[in-house]
Amino acid sequence: MTELDKYFVKADLIPTIIQDAENGEVLMLAYMNRESLRKTLDTGYTWFWSRSRNELWNKGATSGHLQQVVSIHSDCDDDTLLIRVNQTGAACHTGHRTCFYTEVQ
């Protein structure tokens, strides 16, 4: 068992909330597997598992909208991560700063 296994006891993917380290704004939610979490820890930039493409992706690798990791915390049950980042450009693939720009009414 590795030090990261405790985050994947319930599932192979863990929901990960990305938050702006400067102002606390929630930027996005994505999923990580063991490999993407390891790459994030090793590189200092966010990596995720794309459920739609079924592959690893480095956030901002093609757009230049990188997320430099400031800190990583787990919740009390070790089944959700909160990553605080220094965001370059937009976090959302639509070009918005955050993925949470649509109000539900």
# chains A, B, ... in the order shown; residues from 1 in each chain; ligands from 1
$ residues_around --residues "Glu22 of chain A" --least-positions-apart "6" --cutoff "10 Å" --atoms "only C-alpha atoms" --output "ChimeraX atom specification"
/A:70,84-87
$ residues_around --residues "Cys99 of chain A" --least-positions-apart "6" --cutoff "7 Å" --atoms "only C-alpha atoms" --output "PDB file with C-alpha atoms, in the first residue's frame"
ATOM      1  CA  LEU A  27     -12.481  27.566  -9.976  1.00  0.00           C
ATOM      2  CA  MET A  28     -13.456  24.046 -10.956  1.00  0.00           C
ATOM      3  CA  ALA A  91      -9.840  27.856 -15.376  1.00  0.00           C
ATOM      4  CA  CYS A  92     -12.866  26.938 -17.500  1.00  0.00           C
TER       5      CYS A  92
END
$ residues_around --residues "Asn58 of chain A" --least-positions-apart "2" --cutoff "7 Å" --atoms "only C-alpha atoms" --output "JSON list (two decimals) with N, CA and C atoms, in the first residue's frame"
[["chain", "number", "residue", "atom", "x", "y", "z"],
["A", 46, "THR", "N", -1.32, 20.99, -11.69],
["A", 46, "THR", "CA", -2.43, 20.04, -11.63],
["A", 46, "THR", "C", -2.49, 19.12, -12.84],
["A", 47, "TRP", "N", -2.76, 17.87, -12.53],
["A", 47, "TRP", "CA", -3.04, 16.81, -13.51],
["A", 47, "TRP", "C", -4.33, 16.15, -13.07],
["A", 48, "PHE", "N", -5.15, 15.77, -14.04],
["A", 48, "PHE", "CA", -6.44, 15.16, -13.74],
["A", 48, "PHE", "C", -6.66, 13.94, -14.62],
["A", 56, "LEU", "N", -5.14, 10.88, -18.92],
["A", 56, "LEU", "CA", -4.59, 11.93, -18.07],
["A", 56, "LEU", "C", -4.55, 13.23, -18.85],
["A", 60, "GLY", "N", -4.06, 23.14, -18.59],
["A", 60, "GLY", "CA", -3.37, 24.28, -19.18],
["A", 60, "GLY", "C", -2.23, 23.93, -20.11],
["A", 61, "ALA", "N", -1.95, 22.66, -20.30],
["A", 61, "ALA", "CA", -0.82, 22.27, -21.15],
["A", 61, "ALA", "C", -0.98, 22.78, -22.59]]
$ atom_distance --atom1 "atom CA of Gln19 of chain A" --atom2 "atom CA of Ser71 of chain A"
9.9 Å
$ closest_residue --among "A:Gln68, A:Leu29, A:Ser63, A:Phe100" --to "Tyr45 of chain A" --atoms "only C-alpha atoms"
A:Gln68
$ decode --residues "segment 61-93 of chain A" --atoms "N, CA, C and O atoms" --output "short mmCIF file (atom, residue, chain, number, x, y, z; two decimals), in the first residue's frame"
data_model
loop_
_atom_site.label_atom_id
_atom_site.label_comp_id
_atom_site.auth_asym_id
_atom_site.auth_seq_id
_atom_site.Cartn_x
_atom_site.Cartn_y
_atom_site.Cartn_z
N ALA A 61 -1.95 22.66 -20.30
CA ALA A 61 -0.82 22.27 -21.15
C ALA A 61 -0.98 22.78 -22.59
O ALA A 61 0.00 23.17 -23.22
N THR A 62 -2.19 22.80 -23.10
CA THR A 62 -2.41 23.29 -24.46
C THR A 62 -2.85 24.75 -24.49
O THR A 62 -2.52 25.49 -25.40
N SER A 63 -3.59 25.19 -23.47
CA SER A 63 -4.12 26.56 -23.44
C SER A 63 -3.16 27.56 -22.81
O SER A 63 -3.29 28.77 -23.03
N GLY A 64 -2.23 27.08 -22.00
CA GLY A 64 -1.36 27.98 -21.26
C GLY A 64 -1.97 28.45 -19.95
O GLY A 64 -1.36 29.20 -19.20
N HIS A 65 -3.19 28.00 -19.65
CA HIS A 65 -3.90 28.40 -18.43
C HIS A 65 -3.56 27.43 -17.30
O HIS A 65 -4.40 26.67 -16.84
N LEU A 66 -2.32 27.48 -16.88
CA LEU A 66 -1.79 26.54 -15.90
C LEU A 66 -2.28 26.80 -14.48
O LEU A 66 -2.67 27.91 -14.15
N GLN A 67 -2.22 25.75 -13.68
CA GLN A 67 -2.57 25.83 -12.26
C GLN A 67 -1.37 25.36 -11.45
O GLN A 67 -1.10 24.17 -11.35
N GLN A 68 -0.66 26.32 -10.87
CA GLN A 68 0.48 26.00 -10.01
C GLN A 68 -0.03 25.72 -8.61
O GLN A 68 -0.73 26.54 -8.02
N VAL A 69 0.29 24.57 -8.08
CA VAL A 69 -0.21 24.12 -6.79
C VAL A 69 0.44 24.90 -5.65
O VAL A 69 1.67 25.04 -5.59
N VAL A 70 -0.41 25.42 -4.76
CA VAL A 70 0.04 26.08 -3.54
C VAL A 70 -0.07 25.12 -2.36
O VAL A 70 0.83 25.01 -1.55
N SER A 71 -1.20 24.40 -2.29
CA SER A 71 -1.39 23.42 -1.22
C SER A 71 -2.43 22.39 -1.64
O SER A 71 -3.27 22.65 -2.51
N ILE A 72 -2.36 21.24 -1.01
CA ILE A 72 -3.33 20.17 -1.23
C ILE A 72 -3.80 19.68 0.14
O ILE A 72 -2.98 19.37 1.00
N HIS A 73 -5.11 19.65 0.32
CA HIS A 73 -5.71 19.15 1.56
C HIS A 73 -6.75 18.09 1.21
O HIS A 73 -7.42 18.19 0.18
N SER A 74 -6.90 17.13 2.09
CA SER A 74 -7.98 16.15 1.95
C SER A 74 -9.06 16.49 2.96
O SER A 74 -8.80 17.16 3.96
N ASP A 75 -10.27 16.01 2.69
CA ASP A 75 -11.35 16.22 3.66
C ASP A 75 -11.23 15.19 4.78
O ASP A 75 -10.33 14.34 4.77
N CYS A 76 -12.13 15.26 5.74
CA CYS A 76 -12.05 14.42 6.94
C CYS A 76 -12.19 12.93 6.65
O CYS A 76 -11.75 12.11 7.45
N ASP A 77 -12.79 12.58 5.51
CA ASP A 77 -12.96 11.17 5.15
C ASP A 77 -11.93 10.69 4.12
O ASP A 77 -12.01 9.56 3.66
N ASP A 78 -11.01 11.56 3.73
CA ASP A 78 -10.00 11.25 2.71
C ASP A 78 -10.62 10.82 1.39
O ASP A 78 -10.05 9.99 0.68
N ASP A 79 -11.81 11.38 1.05
CA ASP A 79 -12.41 11.00 -0.22
C ASP A 79 -12.71 12.20 -1.13
O ASP A 79 -13.41 12.07 -2.14
N THR A 80 -12.18 13.36 -0.77
CA THR A 80 -12.26 14.55 -1.61
C THR A 80 -11.00 15.37 -1.35
O THR A 80 -10.53 15.44 -0.22
N LEU A 81 -10.48 15.98 -2.42
CA LEU A 81 -9.30 16.83 -2.27
C LEU A 81 -9.66 18.28 -2.55
O LEU A 81 -10.54 18.57 -3.37
N LEU A 82 -8.95 19.19 -1.90
CA LEU A 82 -9.03 20.62 -2.15
C LEU A 82 -7.62 21.06 -2.52
O LEU A 82 -6.69 20.90 -1.72
N ILE A 83 -7.49 21.57 -3.73
CA ILE A 83 -6.17 22.05 -4.17
C ILE A 83 -6.27 23.56 -4.38
O ILE A 83 -7.08 24.04 -5.17
N ARG A 84 -5.43 24.28 -3.66
CA ARG A 84 -5.34 25.73 -3.82
C ARG A 84 -4.23 26.01 -4.82
O ARG A 84 -3.14 25.44 -4.71
N VAL A 85 -4.53 26.86 -5.81
CA VAL A 85 -3.61 27.09 -6.93
C VAL A 85 -3.42 28.57 -7.21
O VAL A 85 -4.26 29.41 -6.87
N ASN A 86 -2.32 28.86 -7.88
CA ASN A 86 -2.14 30.13 -8.56
C ASN A 86 -2.56 29.87 -10.00
O ASN A 86 -1.90 29.12 -10.72
N GLN A 87 -3.69 30.45 -10.39
CA GLN A 87 -4.28 30.22 -11.71
C GLN A 87 -3.74 31.22 -12.71
O GLN A 87 -3.77 32.42 -12.47
N THR A 88 -3.29 30.73 -13.85
CA THR A 88 -2.90 31.57 -14.97
C THR A 88 -4.05 31.54 -15.97
O THR A 88 -4.41 30.48 -16.47
N GLY A 89 -4.65 32.68 -16.25
CA GLY A 89 -5.75 32.75 -17.22
C GLY A 89 -7.02 32.11 -16.68
O GLY A 89 -7.24 32.04 -15.48
N ALA A 90 -7.84 31.65 -17.60
CA ALA A 90 -9.14 31.07 -17.28
C ALA A 90 -8.99 29.63 -16.80
O ALA A 90 -8.18 28.88 -17.32
N ALA A 91 -9.82 29.25 -15.83
CA ALA A 91 -9.84 27.86 -15.38
C ALA A 91 -10.79 27.02 -16.22
O ALA A 91 -10.60 25.83 -16.38
N CYS A 92 -11.83 27.66 -16.76
CA CYS A 92 -12.87 26.94 -17.50
C CYS A 92 -12.52 26.86 -18.99
O CYS A 92 -12.02 27.82 -19.57
N HIS A 93 -12.85 25.72 -19.60
CA HIS A 93 -12.58 25.55 -21.03
C HIS A 93 -13.41 26.50 -21.90
O HIS A 93 -13.11 26.70 -23.07
#
